[in-house]
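> My structure is in protein.cif, and what it holds is mmCIF, C-alpha atoms:
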```
data_run
loop_
_atom_site.label_atom_id
_atom_site.label_comp_id
_atom_site.auth_asym_id
_atom_site.auth_seq_id
_atom_site.Cartn_x
_atom_site.Cartn_y
_atom_site.Cartn_z
CA MET T 234 119.79 87.08 132.56
CA ASN T 235 121.01 84.68 129.86
CA CYS T 236 123.08 85.65 126.83
CA LYS T 237 120.16 85.79 124.43
CA LEU T 238 118.18 88.14 126.64
CA ARG T 239 121.22 90.36 127.19
CA ARG T 240 121.70 90.72 123.43
CA LEU T 241 118.00 91.35 122.98
CA GLU T 242 118.15 94.13 125.56
CA LEU T 243 121.13 95.65 123.76
CA LEU T 244 119.08 95.91 120.60
CA ARG T 245 115.93 97.11 122.37
CA ASN T 246 117.52 99.91 124.37
CA GLY T 247 120.47 100.66 122.07
CA ARG T 248 122.95 100.73 124.97
CA ASN T 249 126.55 101.11 123.77
CA ALA T 250 125.33 101.30 120.16
CA ASP T 251 127.96 102.55 117.71
CA CYS T 252 125.89 102.68 114.50
CA GLU T 253 122.34 103.16 113.29
CA LEU T 254 120.22 101.46 110.64
CA HIS T 255 117.68 103.82 109.09
CA VAL T 256 114.88 102.03 107.25
CA TRP T 257 112.90 104.32 104.96
CA TYR T 258 109.32 103.53 103.95
CA PRO T 259 106.39 105.32 102.26
CA ASP T 260 103.82 106.65 104.72
CA ARG T 261 100.37 105.33 103.80
CA VAL T 262 98.60 108.35 105.28
CA ASP T 263 100.22 111.35 103.62
CA GLY T 264 102.35 109.58 101.02
CA LYS T 265 105.56 111.07 102.40
CA ARG T 266 108.60 109.02 103.35
CA GLY T 267 109.07 108.02 106.93
CA GLN T 268 111.90 106.20 108.62
CA ARG T 269 112.43 103.84 111.50
CA ILE T 270 115.76 103.97 113.31
CA PHE T 271 117.47 100.96 114.87
CA ARG T 272 120.47 101.62 117.12
CA CYS T 273 122.88 98.74 116.51
CA HIS T 274 126.36 97.44 117.22
CA GLN T 275 128.84 97.10 114.39
CA VAL T 276 130.40 93.93 115.77
CA MET T 277 127.01 92.18 115.74
CA LEU T 278 126.21 93.21 112.17
CA VAL T 279 129.68 92.37 110.83
CA SER T 280 129.73 88.97 112.56
CA ALA T 281 126.41 88.06 110.89
CA SER T 282 126.86 89.26 107.32
CA GLY T 283 129.60 90.07 104.85
CA GLU T 284 127.28 92.59 103.24
CA PHE T 285 126.92 94.51 106.50
CA GLU T 286 130.72 94.40 106.82
CA ARG T 287 131.05 95.88 103.33
CA LEU T 288 128.59 98.68 104.15
CA ILE T 289 130.36 99.49 107.41
CA ARG T 290 133.80 99.57 105.77
CA ASP T 291 132.54 101.82 102.98
CA PRO T 292 133.90 105.39 103.39
CA GLU T 293 130.34 106.69 103.09
CA PHE T 294 129.50 104.98 106.38
CA GLY T 295 131.85 107.27 108.32
CA LYS T 296 130.78 110.32 106.31
CA ASN T 297 127.16 109.57 107.26
CA LYS T 298 128.06 109.45 110.96
CA ASN T 299 127.91 105.65 111.14
CA VAL T 300 124.43 105.47 109.60
CA ILE T 301 123.30 102.82 107.11
CA SER T 302 120.22 103.91 105.15
CA VAL T 303 118.06 101.35 103.36
CA GLU T 304 114.65 101.28 101.72
CA ASP T 305 114.46 97.86 100.08
CA ALA T 306 112.20 96.21 102.68
CA SER T 307 109.76 97.15 105.41
CA PRO T 308 110.90 98.22 108.89
CA THR T 309 109.14 95.14 110.29
CA ALA T 310 111.20 92.87 108.04
CA TYR T 311 114.43 94.59 109.05
CA GLU T 312 113.44 94.28 112.70
CA ALA T 313 113.00 90.53 112.21
CA LEU T 314 116.45 90.35 110.59
CA LEU T 315 118.09 92.27 113.43
CA LEU T 316 116.37 90.19 116.07
CA TYR T 317 117.77 87.08 114.41
CA ILE T 318 121.26 88.60 114.27
CA TYR T 319 121.16 89.34 117.99
CA THR T 320 119.34 86.23 119.26
CA TYR T 321 119.52 83.57 116.48
CA GLU T 322 115.75 83.35 116.68
CA VAL T 323 112.81 84.85 114.80
CA CYS T 324 111.38 86.58 117.84
CA ASN T 325 108.60 88.75 116.43
CA ALA T 326 105.23 87.77 114.99
CA VAL T 327 105.52 85.48 111.97
CA THR T 328 103.22 86.38 109.07
CA ILE T 329 102.92 85.31 105.46
CA ASP T 330 102.96 88.95 104.31
CA MET T 331 106.57 89.29 105.43
CA CYS T 332 107.79 86.33 103.40
CA GLY T 333 108.82 88.22 100.26
CA ASP T 334 110.73 90.91 102.15
CA LEU T 335 112.44 88.40 104.43
CA MET T 336 113.57 86.23 101.52
CA HIS T 337 114.96 89.33 99.84
CA LEU T 338 116.88 90.33 102.98
CA ALA T 339 118.19 86.80 103.51
CA GLN T 340 119.61 86.82 99.99
CA ARG T 341 120.94 90.39 100.12
CA TYR T 342 122.81 89.78 103.38
CA ASN T 343 123.60 86.13 102.56
CA MET T 344 121.89 84.85 105.70
CA LEU T 345 120.10 81.77 104.43
CA ASP T 346 119.93 80.32 107.94
CA PHE T 347 117.70 83.27 108.83
CA ILE T 348 115.07 82.41 106.22
CA ASP T 349 115.27 78.73 107.18
CA CYS T 350 114.40 79.69 110.75
CA TYR T 351 111.51 81.81 109.52
CA ILE T 352 110.21 79.00 107.30
CA GLU T 353 110.35 76.58 110.22
CA LYS T 354 108.00 78.83 112.20
CA LEU T 355 105.85 79.45 109.15
CA ALA T 356 105.35 75.73 108.72
CA ASN T 357 103.43 75.49 111.98
CA GLN T 358 100.68 77.78 110.75
CA GLU T 359 97.49 76.78 108.97
CA TRP T 360 97.48 78.07 105.41
CA PRO T 361 94.25 78.83 103.52
CA MET T 362 94.21 78.26 99.75
CA GLU T 363 95.10 81.84 98.78
CA VAL T 364 98.09 81.80 101.13
CA VAL T 365 99.41 78.52 99.66
CA LEU T 366 99.36 80.08 96.19
CA GLN T 367 100.92 83.30 97.50
CA VAL T 368 103.83 81.47 99.10
CA PHE T 369 104.04 79.19 96.06
CA HIS T 370 104.61 82.29 93.92
CA LEU T 371 107.44 83.39 96.23
CA ALA T 372 109.01 79.93 96.32
CA SER T 373 108.98 79.79 92.54
CA GLU T 374 110.33 83.34 92.19
CA HIS T 375 113.19 82.85 94.63
CA ASN T 376 113.82 79.17 93.78
CA HIS T 377 114.28 78.39 97.48
CA PRO T 378 114.45 74.60 98.03
CA ALA T 379 113.33 74.65 101.70
CA LEU T 380 110.35 76.85 100.91
CA MET T 381 109.49 74.73 97.88
CA ASP T 382 109.48 71.62 100.09
CA LEU T 383 107.24 73.38 102.61
CA VAL T 384 104.87 74.50 99.87
CA ALA T 385 104.76 70.93 98.58
CA LYS T 386 103.66 69.67 102.01
CA LYS T 387 101.05 72.41 102.29
CA ILE T 388 99.74 72.07 98.76
CA LEU T 389 99.35 68.30 98.68
CA PRO T 390 96.17 68.17 100.82
CA ILE T 391 94.51 70.67 98.50
CA ALA T 392 96.15 69.74 95.20
CA THR T 393 92.94 68.45 93.64
CA GLN T 394 91.09 71.58 94.70
CA VAL T 395 93.77 73.82 93.13
CA LEU T 396 93.09 72.22 89.76
CA LYS T 397 89.34 71.78 90.24
CA ASP T 398 88.57 75.39 91.21
CA GLN T 399 90.71 76.64 88.29
CA SER T 400 92.88 78.90 90.46
CA PHE T 401 96.00 77.50 88.78
CA LEU T 402 94.92 79.14 85.51
CA LYS T 403 96.12 82.52 86.85
CA LEU T 404 99.68 81.32 87.43
CA SER T 405 102.54 82.42 85.23
CA LEU T 406 104.22 79.75 83.10
CA GLU T 407 107.18 79.65 85.49
CA GLU T 408 104.83 79.14 88.42
CA LEU T 409 102.87 76.55 86.47
CA ARG T 410 106.06 74.59 85.83
CA ALA T 411 106.99 74.64 89.52
CA LEU T 412 103.49 73.52 90.48
CA MET T 413 103.59 70.63 88.00
CA VAL T 414 107.01 69.57 89.26
CA ILE T 415 105.66 69.39 92.82
CA LEU T 416 102.48 67.54 91.91
CA LYS T 417 104.24 65.08 89.63
CA ARG T 418 106.99 64.42 92.17
CA GLU T 419 104.51 63.72 94.95
CA GLY T 420 102.27 61.56 92.73
CA VAL T 421 98.98 62.82 94.18
CA LEU T 422 97.40 63.15 90.73
CA SER T 423 97.99 61.00 87.66
CA ASP T 424 100.08 62.25 84.75
CA HIS T 425 96.95 62.21 82.62
CA GLN T 426 95.13 64.51 85.05
CA LEU T 427 98.06 66.91 85.11
CA LEU T 428 98.38 66.89 81.32
CA ASP T 429 94.66 67.54 81.01
CA SER T 430 95.10 70.54 83.31
CA LEU T 431 97.97 71.75 81.14
CA ARG T 432 95.78 71.57 78.06
CA ASN T 433 93.08 73.51 79.94
CA TYR T 434 95.65 76.12 80.95
CA GLN T 435 96.82 76.43 77.36
CA GLU T 436 93.30 76.90 76.05
CA VAL T 437 92.22 79.47 78.64
CA ASN T 438 95.42 81.50 78.23
CA ASP T 439 95.43 81.09 74.43
CA ILE T 440 99.00 79.84 74.14
CA ARG T 441 99.58 78.88 70.51
CA TYR T 442 102.25 79.09 67.82
CA ASN T 443 101.29 82.71 67.14
CA ASN T 444 102.83 83.61 70.51
CA MET T 445 106.10 81.73 70.10
CA GLU T 446 107.81 83.00 73.27
CA GLN T 447 104.98 81.83 75.52
CA PHE T 448 104.54 78.66 73.49
CA GLN T 449 108.20 77.69 73.93
CA GLN T 450 107.83 78.18 77.71
CA PHE T 451 104.72 76.02 77.66
CA VAL T 452 106.57 73.29 75.73
CA GLU T 453 109.23 73.32 78.47
CA VAL T 454 106.49 72.65 81.02
CA THR T 455 105.21 69.66 79.04
CA GLN T 456 108.74 68.21 78.96
CA ILE T 457 108.28 67.34 82.64
CA PHE T 458 106.13 64.48 81.34
CA ALA T 459 108.75 62.96 79.05
CA ASN T 460 107.97 59.55 80.58
CA VAL T 461 104.44 59.83 79.16
CA LEU T 462 105.08 61.82 76.03
CA PHE T 463 108.19 60.29 74.48
CA GLU T 464 107.77 62.95 71.83
CA LEU T 465 105.94 66.24 72.31
CA LEU T 466 102.46 65.96 70.81
CA PHE T 467 100.65 69.01 69.46
CA GLU T 468 97.85 69.93 67.07
CA VAL T 469 98.59 71.90 63.89
CA ASP T 470 97.85 75.14 65.77
CA GLY T 471 100.01 74.12 68.75
CA THR T 472 97.30 72.66 71.01
CA LEU T 473 98.59 69.95 73.32
CA VAL T 474 97.38 66.44 72.43
CA LEU T 475 96.91 63.91 75.20
CA PRO T 476 98.40 60.37 74.89
CA GLU T 477 95.09 58.62 74.16
CA ASP T 478 94.92 60.52 70.85
CA GLU T 479 98.22 59.08 69.57
CA ALA T 480 96.51 56.77 67.08
CA PHE T 481 95.46 59.84 65.12
CA LEU T 482 98.91 61.35 64.92
CA THR T 483 101.48 61.30 62.13
CA ARG T 484 104.90 62.84 62.27
CA GLU T 485 105.38 66.17 60.54
CA VAL T 486 107.39 65.56 57.39
CA GLY T 487 110.71 67.38 57.29
CA SER T 488 110.43 68.56 60.88
CA ASP T 489 113.71 69.12 62.70
CA THR T 490 111.94 69.06 66.08
CA SER T 491 110.41 66.33 68.20
CA VAL T 492 106.94 67.87 67.87
CA TYR T 493 104.18 65.79 66.34
CA GLN T 494 101.17 67.29 64.60
CA ARG T 495 97.71 65.91 63.98
CA SER T 496 97.02 64.77 60.42
CA SER T 497 94.62 66.82 58.38
CA PRO T 498 91.28 65.05 57.84
#
```
Will you turn the file into structure tokens for me?


Amino acid sequence: MNCKLRRLELLRNGRNADCELHVWYPDRVDGKRGQRIFRCHQVMLVSASGEFERLIRDPEFGKNKNVISVEDASPTAYEALLLYIYTYEVCNAVTIDMCGDLMHLAQRYNMLDFIDCYIEKLANQEWPMEVVLQVFHLASEHNHPALMDLVAKKILPIATQVLKDQSFLKLSLEELRALMVILKREGVLSDHQLLDSLRNYQEVNDIRYNNMEQFQQFVEVTQIFANVLFELLFEVDGTLVLPEDEAFLTREVGSDTSVYQRSSP
């Protein structure tokens, strides 16, 4: 039996275990809390993560009879993390649904190599449209470069469809910015097409001066296209103006911003 299998057996049967990881979760049937117990080895946990070392050295660890209790991710996600600690592989089934929990655990325990391994396996799967957007949300939320690159590769073949079927209209402004960065970087669609989509997004979501917080976020998204819009171009009410309308624009007198406004007729 090779080393990896020996370590896997140690985790599976808990032989010589000197600590336990209790993962609490809400029971879907009766609504009560349940728990899944993993019998572990302190040396394995400490060697993998400084956060596990901190938890084990905490006086509460001894008071709790060498038990670490957590409830910040699913038992399945914690099992995947432990399997990686013991074998340096993501050994269990890889699913999109686990992505959020696994990214959280990778960050909490500072094990970025773990999420990279997971992403590598995830990349080999076929992703339907809804899954691309789901993972895109996670990539944007966690600002994970490797996942963003993977999303870019997955989203490029369907980039036109994302804009055509209007699914991008449901994205938050942060997600919209990340999407535009990907699409502009890869050059699949022209700047004009992307700007037109931005104007559509603004109209559908009613982002105008009267909602200044959202409007400022939207302006930040348009700044991605500084090579096209040397100055930010907006109607009097804050509606984005596309470059072909520049002949009808005059600069706002006394403005201390780089925003242009359309002249009154």

> At a cut-off of 9 Å around the point (125.1, 95.0, 112.4) (file coordinates), what residues fall inside when counting only C-alpha atoms? I'd like the answer as a PyMOL selection string.

chain T and resi 252-254+273-282+285-286+289+315+318-319

> Can you list, as a PyMOL selection string, the residues that the PyMOL selection byres ((chain T and resi 380-382) around 12) selects here?

chain T and resi 332-333+336+345+348-356+365-379+383-389+408+411-412+414-416+418-419

> Take the residues just selected and output them with C-alpha atoms as a short mmCIF file (atom, residue, chain, number, x, y, z; two decimals), in the frame of the given file.


```cif
data_model
loop_
_atom_site.label_atom_id
_atom_site.label_comp_id
_atom_site.auth_asym_id
_atom_site.auth_seq_id
_atom_site.Cartn_x
_atom_site.Cartn_y
_atom_site.Cartn_z
CA CYS T 332 107.79 86.33 103.40
CA GLY T 333 108.82 88.22 100.26
CA MET T 336 113.57 86.23 101.52
CA LEU T 345 120.10 81.77 104.43
CA ILE T 348 115.07 82.41 106.22
CA ASP T 349 115.27 78.73 107.18
CA CYS T 350 114.40 79.69 110.75
CA TYR T 351 111.51 81.81 109.52
CA ILE T 352 110.21 79.00 107.30
CA GLU T 353 110.35 76.58 110.22
CA LYS T 354 108.00 78.83 112.20
CA LEU T 355 105.85 79.45 109.15
CA ALA T 356 105.35 75.73 108.72
CA VAL T 365 99.41 78.52 99.66
CA LEU T 366 99.36 80.08 96.19
CA GLN T 367 100.92 83.30 97.50
CA VAL T 368 103.83 81.47 99.10
CA PHE T 369 104.04 79.19 96.06
CA HIS T 370 104.61 82.29 93.92
CA LEU T 371 107.44 83.39 96.23
CA ALA T 372 109.01 79.93 96.32
CA SER T 373 108.98 79.79 92.54
CA GLU T 374 110.33 83.34 92.19
CA HIS T 375 113.19 82.85 94.63
CA ASN T 376 113.82 79.17 93.78
CA HIS T 377 114.28 78.39 97.48
CA PRO T 378 114.45 74.60 98.03
CA ALA T 379 113.33 74.65 101.70
CA LEU T 383 107.24 73.38 102.61
CA VAL T 384 104.87 74.50 99.87
CA ALA T 385 104.76 70.93 98.58
CA LYS T 386 103.66 69.67 102.01
CA LYS T 387 101.05 72.41 102.29
CA ILE T 388 99.74 72.07 98.76
CA LEU T 389 99.35 68.30 98.68
CA GLU T 408 104.83 79.14 88.42
CA ALA T 411 106.99 74.64 89.52
CA LEU T 412 103.49 73.52 90.48
CA VAL T 414 107.01 69.57 89.26
CA ILE T 415 105.66 69.39 92.82
CA LEU T 416 102.48 67.54 91.91
CA ARG T 418 106.99 64.42 92.17
CA GLU T 419 104.51 63.72 94.95
#
```

> Which polymer residues have any atom within 9 Å of an atom of Glu312 (chain T), counting all atoms listed in the file, with same-chain residues fewer than 4 positions away left out, as a list in words?

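The residues satisfying every condition are Phe271, Ser307, Pro308, Leu316, Tyr317 and Asn325 of chain T.
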
> Identify, on the basis of all atoms listed in the file, every residue whose closest approach to Leu428 (chain T) does not exceed 9 Å; exclude the query and any residue fewer than 2 positions from it along the same chain; express the result as a ChimeraX atom specification.

/T:423-426,430-433,455,458,473-475

> Can you work out the spacing between CA of Gln399 (chain T) and CA of Ile440 (chain T) in Å, to one decimal?

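Those two atoms sit 16.7 Å apart.
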
> For Arg239 (chain T), which residue out of T:Lys296, T:Thr320, T:Leu396, T:Asn357 is the nearest one, using all atoms listed in the file?

T:Thr320

> May I have the residues at most 8 Å from (97.2, 72.3, 71.4) in the file's coordinates, counting all atoms listed in the file, as a ChimeraX atom specification?

/T:432,435-436,441,467-474

> Work out how far apart CA of Glu407 (chain T) and CA of Ala459 (chain T) are and give it in Å to one decimal.

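Between CA of Glu407 (chain T) and CA of Ala459 (chain T) the gap is 18.0 Å.
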
> I'd like the interatomic distance between CA of Ala250 (chain T) and CA of Ile301 (chain T), to a tenth of an Å.

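CA of Ile301 (chain T) lies at a distance of 13.3 Å from CA of Ala250 (chain T).
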
> Nearest to Gln268 (chain T) among T:His337, T:Lys417, T:His255, T:Lys403, with distances taken over all atoms listed in the file: which residue is it?

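Closest to Gln268 (chain T) of all the choices is T:His255.
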
> Which is closest to Trp360 (chain T) among T:Met413, T:Ile329, T:Ala392, T:Leu422, if we use only C-alpha atoms?

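Ranked by minimum distance to Trp360 (chain T), first place goes to T:Ile329.
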
> As a ChimeraX atom specification, please: the residues near Leu338 (chain T) (cut-off 9 Å, all atoms listed in the file, same-chain neighbours under 2 positions excluded).

/T:305-306,310-311,314,333-336,340-344,348

> Rank nothing, just name the residue among T:Tyr258, T:Phe294, T:Gly283, T:Arg240 nearest to Tyr321 (chain T), using all atoms listed in the file.

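Nearest candidate to Tyr321 (chain T) out of T:Tyr258, T:Phe294, T:Gly283, T:Arg240: T:Arg240.
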
> Nearest residue to Ala313 (chain T) out of T:Val300, T:Leu244, T:Leu238, T:Leu402, using only C-alpha atoms?

T:Leu244

> Could you expand the PyMOL selection byres ((chain T and resi 454) around 8) into the explicit residues it covers here, written as an MDAnalysis selection string?

chainID T and resid 406 409:410 413 450:453 455:457

> Which residue is closest to Ile270 (chain T)? Choose from T:Pro390, T:Gly420, T:Pro292, T:Gly247 and count only C-alpha atoms.

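With only C-alpha atoms as the atom set, the closest residue is T:Gly247.
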
> With all atoms listed in the file as the counted atoms, please give the residues lying no more than 10 Å from Pro259 (chain T), apart from itself and same-chain residues fewer than 3 positions off, as a list in words.

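The neighbour list is Val262, Asp263, Gly264, Lys265, Arg266, Gly267, Gln268, Glu304 and Ser307 of chain T.
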